[in-house]
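input_39.cif (mmCIF, C-alpha atoms (C1' of nucleotides)) appears below.
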```cif
data_structure
loop_
_atom_site.group_PDB
_atom_site.id
_atom_site.type_symbol
_atom_site.label_atom_id
_atom_site.label_comp_id
_atom_site.auth_asym_id
_atom_site.auth_seq_id
_atom_site.Cartn_x
_atom_site.Cartn_y
_atom_site.Cartn_z
ATOM 1 C CA MET A 1 79.877 170.918 38.541
ATOM 2 C CA ARG A 2 79.910 173.656 41.083
ATOM 3 C CA ALA A 3 77.559 172.619 43.837
ATOM 4 C CA ALA A 4 76.567 176.163 44.670
ATOM 5 C CA ARG A 5 75.309 177.024 41.222
ATOM 6 C CA ALA A 6 71.702 177.018 42.367
ATOM 7 C CA VAL A 7 72.546 179.440 45.132
ATOM 8 C CA ARG A 8 73.482 182.017 42.542
ATOM 9 C CA ALA A 9 69.870 182.428 41.539
ATOM 10 C CA ALA A 10 69.200 183.786 45.017
ATOM 11 C CA GLY A 11 70.834 187.089 44.105
ATOM 12 C CA ARG A 12 73.679 189.227 45.275
ATOM 13 C CA THR A 13 73.453 188.615 49.005
ATOM 14 C CA ASP A 14 76.648 186.625 49.416
ATOM 15 C CA PRO A 15 75.315 183.207 50.332
ATOM 16 C CA GLY A 16 77.878 180.816 51.724
ATOM 17 C CA LEU A 17 78.817 177.720 49.771
ATOM 18 C CA PRO A 18 76.505 174.873 50.840
ATOM 19 C CA VAL A 19 77.718 171.910 52.860
ATOM 20 C CA SER A 20 77.428 169.751 49.736
ATOM 21 C CA PHE A 21 80.279 171.755 48.197
ATOM 22 C CA TYR A 22 82.630 170.527 50.925
ATOM 23 C CA ASP A 23 81.249 166.988 51.044
ATOM 24 C CA ARG A 24 83.446 165.924 48.121
ATOM 25 C CA PRO A 25 87.022 164.701 47.604
ATOM 26 C CA VAL A 26 89.335 167.264 49.193
ATOM 27 C CA LEU A 27 91.422 167.690 46.035
ATOM 28 C CA GLN A 28 88.336 168.662 44.105
ATOM 29 C CA VAL A 29 87.282 171.169 46.753
ATOM 30 C CA ALA A 30 90.770 172.646 46.969
ATOM 31 C CA ARG A 31 90.755 173.308 43.243
ATOM 32 C CA ASP A 32 87.200 174.658 43.175
ATOM 33 C CA LEU A 33 87.837 177.076 46.051
ATOM 34 C CA ILE A 34 90.219 179.068 43.847
ATOM 35 C CA GLY A 35 88.251 182.146 42.849
ATOM 36 C CA CYS A 36 85.771 181.946 45.727
ATOM 37 C CA VAL A 37 85.535 184.705 48.324
ATOM 38 C CA VAL A 38 86.348 184.647 52.041
ATOM 39 C CA SER A 39 84.610 187.288 54.155
ATOM 40 C CA TYR A 40 85.051 188.112 57.828
ATOM 41 C CA GLY A 41 85.494 191.046 60.118
ATOM 42 C CA GLY A 42 84.554 193.712 57.608
ATOM 43 C CA ALA A 43 87.033 192.533 54.989
ATOM 44 C CA SER A 44 87.117 190.024 52.151
ATOM 45 C CA GLY A 45 89.302 188.609 49.415
ATOM 46 C CA VAL A 46 89.348 186.174 46.523
ATOM 47 C CA ILE A 47 91.061 182.862 47.208
ATOM 48 C CA VAL A 48 94.127 182.523 44.971
ATOM 49 C CA GLU A 49 95.990 179.704 46.745
ATOM 50 C CA THR A 50 94.940 176.533 48.577
ATOM 51 C CA GLU A 51 96.403 173.237 49.716
ATOM 52 C CA ALA A 52 94.683 169.907 50.312
ATOM 53 C CA TYR A 53 95.326 167.719 53.356
ATOM 54 C CA HIS A 54 93.972 164.218 53.940
ATOM 55 C CA ASP A 55 94.317 161.729 56.786
ATOM 56 C CA SER A 56 95.835 159.200 54.390
ATOM 57 C CA GLU A 57 99.092 161.203 54.143
ATOM 58 C CA PRO A 58 101.493 162.157 56.951
ATOM 59 C CA ALA A 59 101.552 165.920 56.411
ATOM 60 C CA CYS A 60 97.939 166.091 57.562
ATOM 61 C CA HIS A 61 97.272 166.688 61.244
ATOM 62 C CA ALA A 62 94.551 164.038 61.021
ATOM 63 C CA PHE A 63 97.196 161.442 60.129
ATOM 64 C CA ALA A 64 97.685 160.986 63.881
ATOM 65 C CA GLY A 65 94.083 159.905 64.248
ATOM 66 C CA LEU A 66 91.223 161.350 66.234
ATOM 67 C CA THR A 67 92.562 163.543 69.050
ATOM 68 C CA PRO A 68 91.286 166.715 70.732
ATOM 69 C CA ARG A 69 93.271 168.719 68.223
ATOM 70 C CA THR A 70 91.945 166.929 65.143
ATOM 71 C CA ALA A 71 88.329 166.540 66.251
ATOM 72 C CA THR A 72 87.192 169.332 63.935
ATOM 73 C CA LEU A 73 89.009 167.756 60.991
ATOM 74 C CA PHE A 74 87.066 164.536 61.448
ATOM 75 C CA GLY A 75 83.778 166.375 61.876
ATOM 76 C CA PRO A 76 81.180 167.272 59.269
ATOM 77 C CA PRO A 77 82.193 169.062 56.072
ATOM 78 C CA GLY A 78 81.841 172.823 55.840
ATOM 79 C CA LEU A 79 83.366 173.608 59.232
ATOM 80 C CA ALA A 80 86.325 175.918 59.769
ATOM 81 C CA TYR A 81 89.403 174.199 61.185
ATOM 82 C CA VAL A 82 91.563 176.913 62.737
ATOM 83 C CA TYR A 83 94.749 176.009 64.575
ATOM 84 C CA ARG A 84 97.847 177.771 65.848
ATOM 85 C CA SER A 85 100.971 177.427 63.774
ATOM 86 C CA TYR A 86 104.454 177.844 65.212
ATOM 87 C CA GLY A 87 102.878 179.241 68.358
ATOM 88 C CA VAL A 88 102.229 182.452 66.514
ATOM 89 C CA HIS A 89 99.783 182.315 63.626
ATOM 90 C CA ALA A 90 96.196 181.131 63.205
ATOM 91 C CA LEU A 91 95.719 179.127 60.011
ATOM 92 C CA LEU A 92 92.341 178.671 58.329
ATOM 93 C CA ASN A 93 91.108 175.440 56.771
ATOM 94 C CA ALA A 94 87.797 174.270 55.353
ATOM 95 C CA VAL A 95 86.851 170.770 56.505
ATOM 96 C CA CYS A 96 85.912 168.421 53.656
ATOM 97 C CA GLU A 97 84.556 164.940 52.946
ATOM 98 C CA PRO A 98 82.070 163.025 55.080
ATOM 99 C CA PRO A 99 82.255 162.879 58.890
ATOM 100 C CA GLY A 100 84.874 160.367 59.978
ATOM 101 C CA VAL A 101 87.287 161.367 57.219
ATOM 102 C CA GLY A 102 89.992 163.819 58.336
ATOM 103 C CA ALA A 103 90.431 166.149 55.397
ATOM 104 C CA ALA A 104 90.629 169.891 54.888
ATOM 105 C CA VAL A 105 91.681 172.637 52.514
ATOM 106 C CA LEU A 106 94.196 175.160 53.835
ATOM 107 C CA ILE A 107 93.457 178.684 52.609
ATOM 108 C CA ARG A 108 96.923 180.099 51.865
ATOM 109 C CA ALA A 109 96.430 183.425 50.109
ATOM 110 C CA LEU A 110 93.788 185.945 49.061
ATOM 111 C CA GLU A 111 93.584 188.800 46.644
ATOM 112 C CA PRO A 112 92.105 191.514 48.876
ATOM 113 C CA ILE A 113 88.918 193.104 47.580
ATOM 114 C CA GLU A 114 87.236 194.756 50.560
ATOM 115 C CA GLY A 115 88.363 196.354 53.808
ATOM 116 C CA LEU A 116 91.979 196.928 52.771
ATOM 117 C CA GLU A 117 92.442 199.676 55.337
ATOM 118 C CA LEU A 118 91.113 197.411 58.070
ATOM 119 C CA MET A 119 93.442 194.616 57.026
ATOM 120 C CA ALA A 120 96.427 196.926 56.966
ATOM 121 C CA GLU A 121 95.566 198.138 60.441
ATOM 122 C CA ARG A 122 95.251 194.598 61.816
ATOM 123 C CA ARG A 123 98.504 193.623 60.126
ATOM 124 C CA GLY A 124 100.370 196.580 61.539
ATOM 125 C CA ILE A 125 101.190 197.869 58.084
ATOM 126 C CA PRO A 126 101.107 201.662 57.884
ATOM 127 C CA GLU A 127 98.883 201.892 54.826
ATOM 128 C CA ALA A 128 96.991 199.677 52.423
ATOM 129 C CA ARG A 129 99.063 200.872 49.536
ATOM 130 C CA ARG A 130 100.642 197.461 49.200
ATOM 131 C CA PRO A 131 97.741 195.019 48.866
ATOM 132 C CA ARG A 132 100.230 192.251 48.112
ATOM 133 C CA ASP A 133 101.385 192.274 51.728
ATOM 134 C CA LEU A 134 97.926 191.944 53.235
ATOM 135 C CA CYS A 135 96.920 188.339 52.530
ATOM 136 C CA SER A 136 99.835 186.648 50.729
ATOM 137 C CA GLY A 137 100.244 183.814 53.215
ATOM 138 C CA PRO A 138 98.108 181.639 55.486
ATOM 139 C CA GLY A 139 99.085 183.539 58.630
ATOM 140 C CA LYS A 140 98.834 186.920 56.967
ATOM 141 C CA LEU A 141 95.288 186.472 55.731
ATOM 142 C CA THR A 142 93.924 185.356 59.092
ATOM 143 C CA GLN A 143 95.595 188.322 60.726
ATOM 144 C CA GLY A 144 94.195 190.665 58.100
ATOM 145 C CA LEU A 145 90.674 189.314 58.470
ATOM 146 C CA GLY A 146 90.939 189.090 62.260
ATOM 147 C CA ILE A 147 90.313 185.314 62.358
ATOM 148 C CA GLU A 148 91.181 183.783 65.731
ATOM 149 C CA LEU A 149 91.321 180.265 67.157
ATOM 150 C CA SER A 150 87.845 180.812 68.554
ATOM 151 C CA GLU A 151 86.522 180.383 65.009
ATOM 152 C CA ASN A 152 87.579 176.737 65.058
ATOM 153 C CA GLY A 153 84.544 174.568 64.427
ATOM 154 C CA CYS A 154 82.310 177.319 63.113
ATOM 155 C CA ASP A 155 80.046 176.732 60.130
ATOM 156 C CA LEU A 156 81.510 178.300 56.982
ATOM 157 C CA SER A 157 78.201 178.348 55.166
ATOM 158 C CA ARG A 158 76.452 180.348 57.877
ATOM 159 C CA GLY A 159 79.061 182.883 58.928
ATOM 160 C CA PRO A 160 80.154 185.185 60.369
ATOM 161 C CA LEU A 161 83.216 183.592 58.780
ATOM 162 C CA ILE A 162 81.883 182.744 55.341
ATOM 163 C CA ILE A 163 83.142 181.428 52.012
ATOM 164 C CA SER A 164 80.970 182.249 49.021
ATOM 165 C CA GLU A 165 81.013 181.747 45.295
ATOM 166 C CA ARG A 166 81.521 184.594 42.911
ATOM 167 C CA LEU A 167 78.558 185.408 40.751
ATOM 168 C CA GLU A 168 80.150 185.313 37.341
ATOM 169 C CA ARG A 169 81.660 182.136 36.045
ATOM 170 C CA SER A 170 84.027 184.192 33.891
ATOM 171 C CA GLU A 171 85.658 185.637 37.005
ATOM 172 C CA TYR A 172 87.205 182.292 37.894
ATOM 173 C CA PRO A 173 90.891 182.066 37.003
ATOM 174 C CA GLU A 174 92.802 179.198 35.476
ATOM 175 C CA VAL A 175 94.266 176.933 38.133
ATOM 176 C CA VAL A 176 97.836 175.668 38.268
ATOM 177 C CA VAL A 177 99.093 172.869 40.503
ATOM 178 C CA GLY A 178 102.274 172.486 42.500
ATOM 179 C CA ARG A 179 103.864 171.031 45.625
ATOM 180 C CA ARG A 180 102.756 172.069 49.090
ATOM 181 C CA ILE A 181 104.804 174.539 51.078
ATOM 182 C CA GLY A 182 106.380 174.409 54.520
ATOM 183 C CA ILE A 183 105.946 170.701 55.152
ATOM 184 C CA THR A 184 108.516 167.970 55.696
ATOM 185 C CA LYS A 185 106.424 164.890 54.903
ATOM 186 C CA ALA A 186 104.706 163.884 51.676
ATOM 187 C CA VAL A 187 106.433 166.829 50.009
ATOM 188 C CA GLU A 188 106.117 165.257 46.577
ATOM 189 C CA LEU A 189 102.314 165.411 46.364
ATOM 190 C CA PRO A 190 101.051 168.063 43.900
ATOM 191 C CA TRP A 191 98.301 169.208 46.221
ATOM 192 C CA ARG A 192 98.766 172.976 46.051
ATOM 193 C CA PHE A 193 96.395 174.945 43.830
ATOM 194 C CA CYS A 194 97.003 178.504 42.646
ATOM 195 C CA ALA A 195 95.303 181.051 40.440
ATOM 196 C CA ALA A 196 97.477 181.187 37.326
ATOM 197 C CA GLY A 197 99.515 184.365 37.106
ATOM 198 C CA SER A 198 98.234 185.826 40.357
ATOM 199 C CA ARG A 199 100.447 188.433 42.026
ATOM 200 C CA TYR A 200 98.961 187.629 45.429
ATOM 201 C CA LEU A 201 100.452 184.170 46.051
ATOM 202 C CA SER A 202 102.525 183.375 49.117
ATOM 203 C CA ALA A 203 105.254 182.000 46.836
ATOM 204 C CA PRO A 204 105.691 181.048 43.175
ATOM 205 C CA VAL A 205 104.230 177.769 41.995
ATOM 206 C CA ARG A 206 106.815 175.006 42.042
ATOM 207 C CA LEU A 207 106.642 171.474 40.791
ATOM 208 C CA ALA A 208 109.571 169.148 40.339
ATOM 209 C CA GLY A 209 110.806 169.292 36.781
ATOM 210 C CA SER A 210 109.010 172.478 35.865
ATOM 211 C CA ALA A 211 110.229 176.043 35.958
ATOM 212 C CA PRO A 212 108.807 178.396 38.576
ATOM 213 C CA GLU A 213 105.839 180.393 37.365
ATOM 214 C CA ARG A 214 106.192 184.187 37.326
ATOM 215 C "C1'" DC B 215 104.307 165.797 84.074
ATOM 216 C "C1'" DA B 216 108.343 167.095 80.616
ATOM 217 C "C1'" DT B 217 109.622 167.505 76.190
ATOM 218 C "C1'" DG B 218 109.754 168.539 71.283
ATOM 219 C "C1'" DG B 219 108.027 169.875 67.012
ATOM 220 C "C1'" DG B 220 105.689 172.476 63.782
ATOM 221 C "C1'" DA B 221 100.662 173.525 57.217
ATOM 222 C "C1'" DT B 222 104.900 180.921 59.393
ATOM 223 C "C1'" DT B 223 106.473 185.417 59.455
ATOM 224 C "C1'" DG B 224 109.441 189.363 59.829
ATOM 225 C "C1'" DA B 225 113.785 191.124 61.131
ATOM 226 C "C1'" DC B 226 118.328 190.906 60.287
ATOM 227 C "C1'" DT B 227 123.306 189.535 58.075
ATOM 228 C "C1'" DG C 228 120.628 183.613 53.038
ATOM 229 C "C1'" DT C 229 119.735 182.686 58.696
ATOM 230 C "C1'" DC C 230 116.969 182.695 62.839
ATOM 231 C "C1'" DA C 231 113.917 183.544 66.897
ATOM 232 C "C1'" DA C 232 109.248 184.180 68.555
ATOM 233 C "C1'" DT C 233 105.662 181.498 70.984
ATOM 234 C "C1'" DC C 234 101.920 178.012 72.157
ATOM 235 C "C1'" DC C 235 99.141 174.050 71.424
ATOM 236 C "C1'" DC C 236 99.178 169.469 71.900
ATOM 237 C "C1'" DA C 237 100.956 164.613 70.841
ATOM 238 C "C1'" DT C 238 103.931 161.619 72.751
ATOM 239 C "C1'" DG C 239 106.517 159.205 76.182
ATOM 240 C "C1'" DC C 240 108.056 158.265 80.801
#
```

This structure in structure tokens:
Amino acid sequence: MRAARAVRAAGRTDPGLPVSFYDRPVLQVARDLIGCVVSYGGASGVIVETEAYHDSEPACHAFAGLTPRTATLFGPPGLAYVYRSYGVHALLNAVCEPPGVGAAVLIRALEPIEGLELMAERRGIPEARRPRDLCSGPGKLTQGLGIELSENGCDLSRGPLIISERLERSEYPEVVVGRRIGITKAVELPWRFCAAGSRYLSAPVRLAGSAPER
DNA sequence: CATGGGATTGACT
DNA sequence: GTCAATCCCATGC
């Protein structure tokens, strides 16, 4: 199931997920990225929240077609799509599906595991005593890791910005599904994936007709 | 070339 | 709860 299973045999040296992992339906990748690890700039964290975007629905930047902005989205799978949000924040996505399809997974929150002091410093938080504030949002995590727009188009399987699988299957959390956050179009699609019960989400899981989780 | 709108966050009432 | 910051770029004239 997990495309990177073979990579695990290579040992502990944090190999990035292979391109084949991303060359699949974006909803599948979004779900499977929960529990994987993002590493950059001397810090890392476990992915606890993602959202899927696809050129077939209007909330996706690629819905507008191939433009300078969306070129990365339509490129080969496994690239980082980094763009500026609200003129302020850099948001990180993993490009999915074959070239010519505009699809990506937005990385929305991490549970910090390494470099907490560094993240706190980059975030302008006095101390790393509150790990919940370091990566609990798509703009927060890029700031914490030091990811800039210049990383747009880089290869996520080669680094320096890298997403890797965890070694133990048992470390992967249960995944719950909800509606995407902060969008005004296609709001009804249940394309947000979260680690069940995680305290590091950007917001509680919400789906029409169901009570908020935690 | 001018305009408007965000896949957000933090500060403030 | 409200709201501004700030910039890339799609769109339209």

_Selected residue, from A:Gly178, A:Pro98, A:Gly124, A:Pro77, that lies nearest to Tyr22 in chain A when counting all atoms listed in the file_ = A:Pro77

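For the file at hand, the PyMOL selection byres ((chain A) within 9 of (chain B)) resolves to Glu51, Tyr53, Ala59, Cys60, His61, Ser85, Tyr86, Gly87, Val88, His89, Leu91, Leu106, Gly137, Pro138, Gly139, Lys140, Arg180, Ile181, Gly182 and Ile183 of chain A.
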
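Distances to chain C were evaluated for A:Met119, A:Leu92, A:Leu149, A:Leu110 using all atoms listed in the file, and the minimum falls at A:Leu149.
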
*Expressed in Å to a single decimal, how great is the separation between CA of Arg69 in chain A and CA of Ser56 in chain A?*
17.0 Å

Residues of chain C that approach chain A to 8 Å or less, counting only C-alpha atoms (C1' of nucleotides): could you list each one with the shortest pair of atoms and its distance in Å to one decimal, rows by chain and increasing residue number, as CSV?
```
residue,atom,partner,partner_atom,distance
C:DA232,C1',A:Val88,CA,7.5
C:DT233,C1',A:Gly87,CA,4.4
C:DC234,C1',A:Gly87,CA,4.1
C:DC235,C1',A:Arg84,CA,6.8
C:DC236,C1',A:Arg69,CA,7.0
```

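For the pair CA of Glu111 in chain A and CA of Tyr81 in chain A, the separation is 21.0 Å.
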
*So which residues get picked by the PyMOL selection byres ((chain A and resi 78) around 7) here, written as an MDAnalysis selection string?*
chainID A and resid 19 22 76:77 79:80 94:96 155:157

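For the pair CA of Arg24 in chain A and CA of Ala196 in chain A, the interatomic distance is 23.4 Å.
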
N, CA and C atoms restored at range 47-64 of chain A, emitted as a tab-separated table (two decimals), in the coordinates of the input:
```tsv
chain	number	residue	atom	x	y	z
A	47	ILE	N	90.08	183.92	46.95
A	47	ILE	CA	91.06	182.86	47.21
A	47	ILE	C	91.91	182.63	45.96
A	48	VAL	N	93.23	182.76	46.11
A	48	VAL	CA	94.13	182.52	44.97
A	48	VAL	C	95.09	181.36	45.22
A	49	GLU	N	95.05	180.79	46.44
A	49	GLU	CA	95.99	179.70	46.74
A	49	GLU	C	95.41	178.81	47.84
A	50	THR	N	95.41	177.50	47.58
A	50	THR	CA	94.94	176.53	48.58
A	50	THR	C	95.87	175.32	48.59
A	51	GLU	N	95.74	174.54	49.67
A	51	GLU	CA	96.40	173.24	49.72
A	51	GLU	C	95.44	172.22	50.30
A	52	ALA	N	95.53	170.99	49.80
A	52	ALA	CA	94.68	169.91	50.31
A	52	ALA	C	95.46	169.07	51.32
A	53	TYR	N	94.76	168.63	52.36
A	53	TYR	CA	95.33	167.72	53.36
A	53	TYR	C	94.32	166.61	53.63
A	54	HIS	N	94.85	165.39	53.78
A	54	HIS	CA	93.97	164.22	53.94
A	54	HIS	C	94.61	163.23	54.92
A	55	ASP	N	93.78	162.59	55.73
A	55	ASP	CA	94.32	161.73	56.79
A	55	ASP	C	95.09	160.52	56.27
A	56	SER	N	95.09	160.32	54.96
A	56	SER	CA	95.84	159.20	54.39
A	56	SER	C	97.30	159.54	54.18
A	57	GLU	N	97.68	160.82	54.38
A	57	GLU	CA	99.09	161.20	54.14
A	57	GLU	C	99.63	161.95	55.36
A	58	PRO	N	100.93	161.77	55.65
A	58	PRO	CA	101.49	162.16	56.95
A	58	PRO	C	101.64	163.65	57.18
A	59	ALA	N	101.46	164.48	56.17
A	59	ALA	CA	101.55	165.92	56.41
A	59	ALA	C	100.28	166.46	57.05
A	60	CYS	N	99.23	165.65	57.02
A	60	CYS	CA	97.94	166.09	57.56
A	60	CYS	C	97.89	165.85	59.07
A	61	HIS	N	97.40	166.85	59.79
A	61	HIS	CA	97.27	166.69	61.24
A	61	HIS	C	96.44	165.46	61.59
A	62	ALA	N	95.45	165.16	60.75
A	62	ALA	CA	94.55	164.04	61.02
A	62	ALA	C	95.24	162.68	60.84
A	63	PHE	N	96.45	162.69	60.30
A	63	PHE	CA	97.20	161.44	60.13
A	63	PHE	C	97.40	160.75	61.47
A	64	ALA	N	97.47	161.53	62.54
A	64	ALA	CA	97.68	160.99	63.88
A	64	ALA	C	96.43	160.34	64.45
```
